[in-house]
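Have a look at coords.txt; it's compact mmCIF, C-alpha atoms and all ligand atoms:
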# COMPACT_ATOMS: atom_id res chain seq x y z
CA MET W 1 155.32 75.48 79.58
CA SER W 2 155.21 77.74 82.63
CA ALA W 3 153.66 81.05 83.39
CA SER W 4 153.18 83.38 86.30
CA ILE W 5 150.42 85.52 87.78
CA GLU W 6 150.35 87.37 91.08
CA SER W 7 149.25 85.64 94.28
CA SER W 8 147.11 87.36 96.89
CA SER W 9 150.36 88.48 98.55
CA ALA W 10 151.42 90.09 95.21
CA ALA W 11 154.32 87.65 94.71
CA PRO W 12 154.27 86.03 91.25
CA LEU W 13 153.05 82.44 91.15
CA ASP W 14 154.91 79.77 89.20
CA LEU W 15 152.07 78.07 87.30
CA MET W 16 151.80 74.66 85.64
CA PHE W 17 150.50 76.26 82.42
CA SER W 18 149.34 79.60 81.08
CA GLN W 19 146.44 81.47 82.67
CA ASP W 20 145.41 82.26 79.08
CA LEU W 21 143.93 78.75 78.92
CA VAL W 22 141.48 79.47 81.75
CA ASP W 23 137.92 80.01 80.49
CA PRO W 24 137.22 83.76 80.81
CA GLU W 25 133.52 83.03 81.29
CA VAL W 26 134.26 80.94 84.39
CA VAL W 27 136.58 83.66 85.72
CA GLN W 28 133.65 86.09 85.44
CA MET W 29 131.09 83.76 87.00
CA LEU W 30 133.01 83.08 90.21
CA PRO W 31 132.16 85.21 93.27
CA PRO W 32 134.77 87.93 93.96
CA GLU W 33 136.32 86.10 96.93
CA LEU W 34 137.29 83.16 94.71
CA ALA W 35 139.72 82.85 91.80
CA ILE W 36 140.40 80.06 89.32
CA ARG W 37 143.92 79.45 88.02
CA PRO W 38 146.36 76.70 87.04
CA LEU W 39 148.04 74.83 89.90
CA ALA W 40 151.13 76.68 91.20
CA SER W 41 154.44 75.17 92.30
CA ASP W 42 153.82 76.19 95.93
CA ASP W 43 150.18 75.08 96.17
CA TYR W 44 151.21 72.30 98.54
CA LYS W 45 151.05 74.91 101.30
CA ARG W 46 147.56 76.01 100.18
CA GLY W 47 146.02 72.65 101.04
CA HIS W 48 146.02 71.02 97.59
CA LEU W 49 146.17 67.52 99.09
CA ASP W 50 143.52 68.34 101.70
CA VAL W 51 141.04 69.06 98.89
CA LEU W 52 141.98 65.86 97.04
CA ARG W 53 141.25 63.89 100.22
CA VAL W 54 137.56 64.74 99.73
CA LEU W 55 137.77 62.37 96.77
CA THR W 56 140.36 59.73 97.59
CA LYS W 57 143.47 58.83 99.56
CA ALA W 58 146.21 61.44 99.18
CA ALA W 59 149.12 60.59 101.44
CA ASP W 60 151.32 63.53 102.42
CA PRO W 61 154.75 63.14 100.72
CA GLY W 62 156.04 66.47 102.08
CA ALA W 63 156.53 69.76 100.23
CA ALA W 64 159.78 68.81 98.44
CA ALA W 65 158.40 65.59 96.91
CA TRP W 66 155.14 67.35 95.98
CA THR W 67 157.09 70.10 94.18
CA ALA W 68 159.32 67.59 92.37
CA HIS W 69 156.17 65.82 91.15
CA PHE W 70 154.75 69.16 89.97
CA LEU W 71 157.91 69.85 87.96
CA GLU W 72 157.89 66.36 86.42
CA MET W 73 154.31 66.87 85.29
CA ARG W 74 155.06 70.29 83.86
CA ALA W 75 157.97 68.86 81.87
CA CYS W 76 155.41 66.84 79.85
CA ALA W 77 154.34 69.51 77.38
CA ASP W 78 150.60 70.05 76.84
CA THR W 79 149.63 66.98 78.85
CA TYR W 80 148.63 67.93 82.41
CA PHE W 81 146.23 70.78 83.11
CA PRO W 82 145.47 70.96 86.82
CA LEU W 83 143.16 73.82 87.80
CA VAL W 84 142.38 75.10 91.28
CA ILE W 85 139.80 77.45 92.74
CA VAL W 86 141.31 79.49 95.54
CA ASP W 87 139.72 81.38 98.42
CA LYS W 88 141.71 84.61 97.99
CA LYS W 89 141.40 85.89 101.55
CA ALA W 90 142.25 82.59 103.22
CA ASP W 91 144.83 81.79 100.48
CA ARG W 92 143.52 78.21 100.47
CA ILE W 93 142.50 75.89 97.67
CA VAL W 94 138.80 75.04 97.83
CA ALA W 95 138.44 73.02 94.62
CA SER W 96 140.73 71.15 92.29
CA GLY W 97 140.50 69.19 89.05
CA THR W 98 142.85 68.11 86.28
CA LEU W 99 142.44 67.60 82.54
CA TYR W 100 144.80 64.96 81.16
CA VAL W 101 145.41 65.20 77.43
CA GLU W 102 146.33 61.89 75.84
CA ARG W 103 147.75 61.62 72.34
CA THR W 104 146.81 58.78 70.00
CA PHE W 105 147.94 57.52 66.59
CA SER W 106 144.30 57.07 65.58
CA ARG W 107 141.87 59.84 64.67
CA GLY W 108 144.43 61.52 62.45
CA LEU W 109 147.03 61.62 65.23
CA GLY W 110 144.39 63.12 67.50
CA SER W 111 144.15 63.71 71.23
CA ARG W 112 141.49 62.90 73.80
CA ALA W 113 141.03 64.34 77.26
CA HIS W 114 140.25 62.92 80.69
CA PRO W 115 138.93 65.09 83.52
CA GLU W 116 140.22 63.56 86.75
CA ASP W 117 140.61 64.20 90.47
CA ILE W 118 137.69 66.63 90.63
CA ALA W 119 137.13 67.60 94.23
CA VAL W 120 135.42 70.45 96.03
CA ASP W 121 136.05 71.19 99.70
CA ARG W 122 133.12 69.85 101.74
CA THR W 123 132.24 73.30 103.07
CA LYS W 124 132.01 74.67 99.51
CA GLN W 125 130.07 71.90 97.81
CA GLY W 126 126.70 72.71 96.25
CA ARG W 127 127.75 76.19 95.09
CA TYR W 128 128.37 75.26 91.46
CA LEU W 129 132.15 75.24 91.92
CA GLY W 130 132.34 71.67 90.62
CA LEU W 131 130.32 72.61 87.57
CA LEU W 132 132.42 75.72 86.86
CA LEU W 133 135.64 73.76 87.32
CA CYS W 134 134.45 71.16 84.81
CA GLN W 135 133.40 73.87 82.36
CA ALA W 136 136.91 75.28 82.63
CA LEU W 137 138.46 71.84 82.07
CA MET W 138 136.29 71.32 78.97
CA TYR W 139 137.37 74.73 77.69
CA ILE W 140 141.01 73.66 77.90
CA GLY W 141 140.15 70.47 76.00
CA GLY W 142 138.60 72.61 73.28
CA ARG W 143 141.64 74.84 73.11
CA MET W 144 143.88 71.77 72.87
CA GLY W 145 141.79 70.39 70.01
CA VAL W 146 140.80 67.08 71.63
CA TYR W 147 138.23 65.07 69.69
CA LYS W 148 136.50 63.78 72.85
CA THR W 149 136.53 63.96 76.62
CA VAL W 150 136.10 60.76 78.63
CA GLY W 151 135.59 60.65 82.40
CA ASN W 152 135.15 57.87 84.93
CA CYS W 153 132.68 58.33 87.75
CA THR W 154 130.60 56.42 90.25
CA ASP W 155 126.90 55.85 89.57
CA ALA W 156 126.20 58.37 92.33
CA ASN W 157 128.07 61.10 90.46
CA MET W 158 126.56 60.40 87.04
CA PRO W 159 123.92 63.16 87.38
CA PHE W 160 126.76 65.63 87.94
CA TYR W 161 128.47 64.63 84.67
CA LEU W 162 125.16 64.84 82.78
CA LYS W 163 125.00 68.51 83.79
CA PHE W 164 127.85 69.46 81.49
CA GLY W 165 126.92 67.53 78.40
CA CYS W 166 128.41 64.08 79.02
CA HIS W 167 126.48 60.91 78.34
CA ARG W 168 127.03 57.32 79.39
CA ALA W 169 129.20 55.32 76.97
CA GLY W 170 130.47 51.80 77.61
CA ARG W 171 131.71 50.31 80.84
CA GLN W 172 134.93 50.78 82.73
CA MET W 173 137.28 47.88 83.46
CA VAL W 174 139.89 48.29 86.15
CA ARG W 175 142.68 46.27 87.72
CA TYR W 176 144.49 47.73 90.69
CA THR W 177 148.20 47.03 91.06
CA GLU W 178 148.93 44.57 93.85
CA GLY W 179 150.59 46.26 96.80
CA ALA W 180 149.93 49.78 95.51
CA GLN W 181 147.89 52.32 97.45
CA GLN W 182 144.22 51.69 96.72
CA PRO W 183 141.52 54.33 96.39
CA GLN W 184 138.67 54.68 98.83
CA GLU W 185 135.04 55.34 97.99
CA PRO W 186 134.33 59.01 97.20
CA SER W 187 132.16 61.09 99.45
CA THR W 188 128.46 60.77 98.69
CA SER W 189 127.43 63.76 100.78
CA PRO W 190 124.80 65.76 98.90
CA PRO W 191 125.47 69.30 97.69
CA ALA W 192 124.44 71.69 100.44
CA ALA W 193 124.60 75.40 99.70
CA ARG W 194 124.64 77.70 96.66
CA LEU W 195 126.83 80.61 95.54
C1 LIG Y 1 130.95 65.87 92.88
C2 LIG Y 1 131.45 67.29 93.19
C3 LIG Y 1 132.73 67.55 92.43
C4 LIG Y 1 130.36 68.28 92.75
O1 LIG Y 1 130.81 69.60 93.01
P1 LIG Y 1 129.80 70.64 93.64
O2 LIG Y 1 130.44 71.97 93.56
O3 LIG Y 1 129.40 70.17 94.98
O4 LIG Y 1 128.57 70.52 92.65
P2 LIG Y 1 127.80 71.70 91.92
O5 LIG Y 1 127.27 72.65 92.92
O6 LIG Y 1 128.67 72.27 90.86
O7 LIG Y 1 126.60 70.87 91.25
C5 LIG Y 1 126.12 71.19 89.96
C6 LIG Y 1 124.86 70.40 89.74
O8 LIG Y 1 125.15 69.00 89.82
C7 LIG Y 1 124.37 68.41 90.88
N1 LIG Y 1 125.21 67.45 91.57
C8 LIG Y 1 126.43 67.66 92.09
N2 LIG Y 1 126.91 66.54 92.65
C9 LIG Y 1 125.95 65.60 92.45
C10 LIG Y 1 125.85 64.23 92.80
N3 LIG Y 1 126.81 63.58 93.42
N4 LIG Y 1 124.71 63.59 92.47
C11 LIG Y 1 123.70 64.23 91.83
N5 LIG Y 1 123.76 65.54 91.47
C12 LIG Y 1 124.87 66.20 91.79
C13 LIG Y 1 123.97 69.56 91.77
O9 LIG Y 1 122.81 69.28 92.52
C14 LIG Y 1 123.77 70.66 90.76
O10 LIG Y 1 122.52 70.47 90.12
P3 LIG Y 1 121.51 71.70 89.76
O11 LIG Y 1 122.18 72.46 88.66
O12 LIG Y 1 120.28 71.01 89.31
O13 LIG Y 1 121.34 72.49 91.00
C15 LIG Y 1 131.69 67.51 94.70
O14 LIG Y 1 130.50 67.27 95.40
C16 LIG Y 1 132.78 66.65 95.28
O15 LIG Y 1 133.93 67.09 95.36
N6 LIG Y 1 132.46 65.42 95.71
C17 LIG Y 1 133.41 64.51 96.31
C18 LIG Y 1 134.50 64.12 95.33
C19 LIG Y 1 133.94 63.40 94.09
O16 LIG Y 1 133.08 62.54 94.18
N7 LIG Y 1 134.50 63.77 92.94
C20 LIG Y 1 134.20 63.11 91.70
C21 LIG Y 1 133.41 63.95 90.81
S1 LIG Y 1 132.85 63.02 89.42
Would you give me this structure, written as structure tokens?
Ligand SMILES: CC(C)(COP(=O)(O)OP(=O)(O)OC[C@H]1O[C@@H](n2cnc3c(N)ncnc32)[C@H](O)[C@@H]1OP(=O)(O)O)[C@@H](O)C(=O)NCCC(=O)NCCS
Amino acid sequence: MSASIESSSAAPLDLMFSQDLVDPEVVQMLPPELAIRPLASDDYKRGHLDVLRVLTKAADPGAAAWTAHFLEMRACADTYFPLVIVDKKADRIVASGTLYVERTFSRGLGSRAHPEDIAVDRTKQGRYLGLLLCQALMYIGGRMGVYKTVGNCTDANMPFYLKFGCHRAGRQMVRYTEGAQQPQEPSTSPPAARL
């Protein structure tokens, strides 16, 4: 599934999924200098990886490899829903988060969703962008008919998840693959400013 909207330079953007799946309430709530939309095939140049580095390691594979990865993800229908918030004037990504939709044979052949890689540029934290991004991810889950949304987070970020209706359930078990790139601890810097 692909779609296009216009970028700030009026050229159409090649999106990961349709803008119709973006919560209209969140679109309205953002300040006029910011816009929320699906990830576009040329967002490498808008600092997508720089924003992700607020959260974890994100080595730079170069534009061509990044774009190939984008296309591979888009080829998996109704599975990956990466959203970005863009500073329109600077034409830079200031926040990013992805909803992964996972199909199961249980729950009447249902689907569940995982919000992942949620990151807000350090200079923009504390302005409710993280909350709005998560609201928009939950909206997509609703549109996709998932029966639940499950997210992993550190203890430090639990209060953030509680803000949009999540509650603690179970414990996470993890095993990292030997020799693979390992994550680093997320930033624990407190939210600073407001919209
Ligand atoms: C965590 C993160 C996504 C929050 O985004 P943000 O835009 O800074 O947060 P918001 O302004 O939307 O915060 C919404 C509310 O959650 C609270 N909150 C946000 N992060 C919090 C945290 N780590 N601990 C406690 N409360 C937090 C805010 O104080 C605010 O509460 P209020 O409504 O009472 O004022 C952002 O700080 C970030 O990118 N952190 C580094 C990456 C990371 O840890 N990502 C994983 C997210 S689970």
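Checking W:Ala180, W:Ser96, W:Val101, W:Ala65 one by one against Leu52 of chain W, counting all atoms listed in the file, you find the shortest gap at W:Ser96.
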_Counting only C-alpha atoms, the option among W:Ala63, W:Ala77, W:Val150, W:Val27 closest to Ala169 of chain W_ =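 When distances to Ala169 of chain W are compared using only C-alpha atoms, the smallest one comes from W:Val150.
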*Quick one: residues within 6 Å of ligand LIG 1 (chain Y), with all atoms listed in the file, as a ChimeraX atom specification?*
/W:54-55,118-120,125-131,153,156-157,159-160,186-187,191
What does the file look like for those residues with C-alpha atoms, as a short mmCIF file (atom, residue, chain, number, x, y, z; two decimals), in the frame of the given file?
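Contents of out10.cif, freshly written:
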data_model
loop_
_atom_site.label_atom_id
_atom_site.label_comp_id
_atom_site.auth_asym_id
_atom_site.auth_seq_id
_atom_site.Cartn_x
_atom_site.Cartn_y
_atom_site.Cartn_z
CA VAL W 54 137.56 64.74 99.73
CA LEU W 55 137.77 62.37 96.77
CA ILE W 118 137.69 66.63 90.63
CA ALA W 119 137.13 67.60 94.23
CA VAL W 120 135.42 70.45 96.03
CA GLN W 125 130.07 71.90 97.81
CA GLY W 126 126.70 72.71 96.25
CA ARG W 127 127.75 76.19 95.09
CA TYR W 128 128.37 75.26 91.46
CA LEU W 129 132.15 75.24 91.92
CA GLY W 130 132.34 71.67 90.62
CA LEU W 131 130.32 72.61 87.57
CA CYS W 153 132.68 58.33 87.75
CA ALA W 156 126.20 58.37 92.33
CA ASN W 157 128.07 61.10 90.46
CA PRO W 159 123.92 63.16 87.38
CA PHE W 160 126.76 65.63 87.94
CA PRO W 186 134.33 59.01 97.20
CA SER W 187 132.16 61.09 99.45
CA PRO W 191 125.47 69.30 97.69
#
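The space between atom CA of Asp14 of chain W and atom CA of Ser41 of chain W spans 5.6 Å.
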*Please measure the separation of atom CA of Thr149 of chain W and atom CA of Arg112 of chain W, giving the value in Å to one decimal.*
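Separating atom CA of Thr149 of chain W from atom CA of Arg112 of chain W is a distance of 5.8 Å.
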*Which is closest to Arg53 of chain W among W:Met158, W:Val94, W:Leu71, W:Tyr80, if we use all atoms listed in the file?*
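Smallest distance to Arg53 of chain W is found for W:Val94.
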*Any idea what the distance is between atom CA of Phe81 of chain W and atom CA of Glu178 of chain W?*
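Calculated distance between atom CA of Phe81 of chain W and atom CA of Glu178 of chain W is 28.5 Å.
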*asked:* At a cut-off of 12 Å around the point (132.7, 77.8, 89.6) (file coordinates), what residues fall inside when counting only C-alpha atoms? I'd like the answer as a ChimeraX atom specification.
replied: /W:22-37,83-87,94-97,120,124-137,194-195
Pull C-alpha atoms from the residues just selected and write them as a PDB file, in the frame of the given file.
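Saved to selection.pdb:
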ATOM      1  CA  VAL W  22     141.480  79.470  81.750  1.00  0.00           C
ATOM      2  CA  ASP W  23     137.920  80.010  80.490  1.00  0.00           C
ATOM      3  CA  PRO W  24     137.220  83.760  80.810  1.00  0.00           C
ATOM      4  CA  GLU W  25     133.520  83.030  81.290  1.00  0.00           C
ATOM      5  CA  VAL W  26     134.260  80.940  84.390  1.00  0.00           C
ATOM      6  CA  VAL W  27     136.580  83.660  85.720  1.00  0.00           C
ATOM      7  CA  GLN W  28     133.650  86.090  85.440  1.00  0.00           C
ATOM      8  CA  MET W  29     131.090  83.760  87.000  1.00  0.00           C
ATOM      9  CA  LEU W  30     133.010  83.080  90.210  1.00  0.00           C
ATOM     10  CA  PRO W  31     132.160  85.210  93.270  1.00  0.00           C
ATOM     11  CA  PRO W  32     134.770  87.930  93.960  1.00  0.00           C
ATOM     12  CA  GLU W  33     136.320  86.100  96.930  1.00  0.00           C
ATOM     13  CA  LEU W  34     137.290  83.160  94.710  1.00  0.00           C
ATOM     14  CA  ALA W  35     139.720  82.850  91.800  1.00  0.00           C
ATOM     15  CA  ILE W  36     140.400  80.060  89.320  1.00  0.00           C
ATOM     16  CA  ARG W  37     143.920  79.450  88.020  1.00  0.00           C
ATOM     17  CA  LEU W  83     143.160  73.820  87.800  1.00  0.00           C
ATOM     18  CA  VAL W  84     142.380  75.100  91.280  1.00  0.00           C
ATOM     19  CA  ILE W  85     139.800  77.450  92.740  1.00  0.00           C
ATOM     20  CA  VAL W  86     141.310  79.490  95.540  1.00  0.00           C
ATOM     21  CA  ASP W  87     139.720  81.380  98.420  1.00  0.00           C
ATOM     22  CA  VAL W  94     138.800  75.040  97.830  1.00  0.00           C
ATOM     23  CA  ALA W  95     138.440  73.020  94.620  1.00  0.00           C
ATOM     24  CA  SER W  96     140.730  71.150  92.290  1.00  0.00           C
ATOM     25  CA  GLY W  97     140.500  69.190  89.050  1.00  0.00           C
ATOM     26  CA  VAL W 120     135.420  70.450  96.030  1.00  0.00           C
ATOM     27  CA  LYS W 124     132.010  74.670  99.510  1.00  0.00           C
ATOM     28  CA  GLN W 125     130.070  71.900  97.810  1.00  0.00           C
ATOM     29  CA  GLY W 126     126.700  72.710  96.250  1.00  0.00           C
ATOM     30  CA  ARG W 127     127.750  76.190  95.090  1.00  0.00           C
ATOM     31  CA  TYR W 128     128.370  75.260  91.460  1.00  0.00           C
ATOM     32  CA  LEU W 129     132.150  75.240  91.920  1.00  0.00           C
ATOM     33  CA  GLY W 130     132.340  71.670  90.620  1.00  0.00           C
ATOM     34  CA  LEU W 131     130.320  72.610  87.570  1.00  0.00           C
ATOM     35  CA  LEU W 132     132.420  75.720  86.860  1.00  0.00           C
ATOM     36  CA  LEU W 133     135.640  73.760  87.320  1.00  0.00           C
ATOM     37  CA  CYS W 134     134.450  71.160  84.810  1.00  0.00           C
ATOM     38  CA  GLN W 135     133.400  73.870  82.360  1.00  0.00           C
ATOM     39  CA  ALA W 136     136.910  75.280  82.630  1.00  0.00           C
ATOM     40  CA  LEU W 137     138.460  71.840  82.070  1.00  0.00           C
ATOM     41  CA  ARG W 194     124.640  77.700  96.660  1.00  0.00           C
ATOM     42  CA  LEU W 195     126.830  80.610  95.540  1.00  0.00           C
TER      43      LEU W 195
END
_Neighbour list for Leu21 of chain W as a PyMOL selection string, cut-off 6 Å, only C-alpha atoms, skip fewer than 2 positions in-chain_ = chain W and resi 18-19+140
*asked:* Please list, as a PyMOL selection string, the residues that have an atom at most 10 Å away from (149.4, 72.3, 100.5) in the coordinates of this file, counting only C-alpha atoms.
replied: chain W and resi 42-51+60+62-63+66+92-93
Padding 8 Å on each side, edges along x, y and z: where is the centre of the box around the listed atoms of segment 154-167 of chain W, and how long are its edges in Å to one decimal? Output it as AutoDock Vina command-line options.
--center_x 127.3 --center_y 62.7 --center_z 85.3 --size_x 22.7 --size_y 29.6 --size_z 30.0
*Counting all atoms listed in the file, the residue of W:His69, W:Met138, W:Val146, W:Thr154 that sits nearest Cys166 of chain W*: W:Met138
Using the structure block above, produce a file of segment 111-141 of chain W that contains C-alpha atoms, as a PDB file, in the first residue's frame.
ATOM      1  CA  SER W 111      -4.283  -9.187  15.174  1.00  0.00           C
ATOM      2  CA  ARG W 112      -2.438  -7.394  17.954  1.00  0.00           C
ATOM      3  CA  ALA W 113      -0.351  -4.254  17.767  1.00  0.00           C
ATOM      4  CA  HIS W 114       3.001  -3.159  19.164  1.00  0.00           C
ATOM      5  CA  PRO W 115       3.984   0.512  19.393  1.00  0.00           C
ATOM      6  CA  GLU W 116       7.766   0.638  19.000  1.00  0.00           C
ATOM      7  CA  ASP W 117      10.672   3.006  18.430  1.00  0.00           C
ATOM      8  CA  ILE W 118       8.882   6.004  19.914  1.00  0.00           C
ATOM      9  CA  ALA W 119      11.286   8.912  20.027  1.00  0.00           C
ATOM     10  CA  VAL W 120      10.971  12.669  20.279  1.00  0.00           C
ATOM     11  CA  ASP W 121      13.865  14.986  19.442  1.00  0.00           C
ATOM     12  CA  ARG W 122      15.445  16.193  22.696  1.00  0.00           C
ATOM     13  CA  THR W 123      14.674  19.839  21.920  1.00  0.00           C
ATOM     14  CA  LYS W 124      10.977  19.014  21.441  1.00  0.00           C
ATOM     15  CA  GLN W 125      10.367  16.731  24.405  1.00  0.00           C
ATOM     16  CA  GLY W 126       7.791  17.751  27.000  1.00  0.00           C
ATOM     17  CA  ARG W 127       5.426  19.330  24.455  1.00  0.00           C
ATOM     18  CA  TYR W 128       2.996  16.419  24.270  1.00  0.00           C
ATOM     19  CA  LEU W 129       4.379  15.243  20.922  1.00  0.00           C
ATOM     20  CA  GLY W 130       5.055  11.783  22.366  1.00  0.00           C
ATOM     21  CA  LEU W 131       1.516  11.582  23.678  1.00  0.00           C
ATOM     22  CA  LEU W 132      -0.016  12.743  20.382  1.00  0.00           C
ATOM     23  CA  LEU W 133       2.155  10.314  18.421  1.00  0.00           C
ATOM     24  CA  CYS W 134       0.981   7.444  20.624  1.00  0.00           C
ATOM     25  CA  GLN W 135      -2.642   8.534  20.282  1.00  0.00           C
ATOM     26  CA  ALA W 136      -2.176   8.416  16.514  1.00  0.00           C
ATOM     27  CA  LEU W 137      -0.588   4.948  16.705  1.00  0.00           C
ATOM     28  CA  MET W 138      -3.502   3.682  18.822  1.00  0.00           C
ATOM     29  CA  TYR W 139      -5.931   5.134  16.282  1.00  0.00           C
ATOM     30  CA  ILE W 140      -4.284   3.081  13.530  1.00  0.00           C
ATOM     31  CA  GLY W 141      -4.577  -0.023  15.718  1.00  0.00           C
TER      32      GLY W 141
END
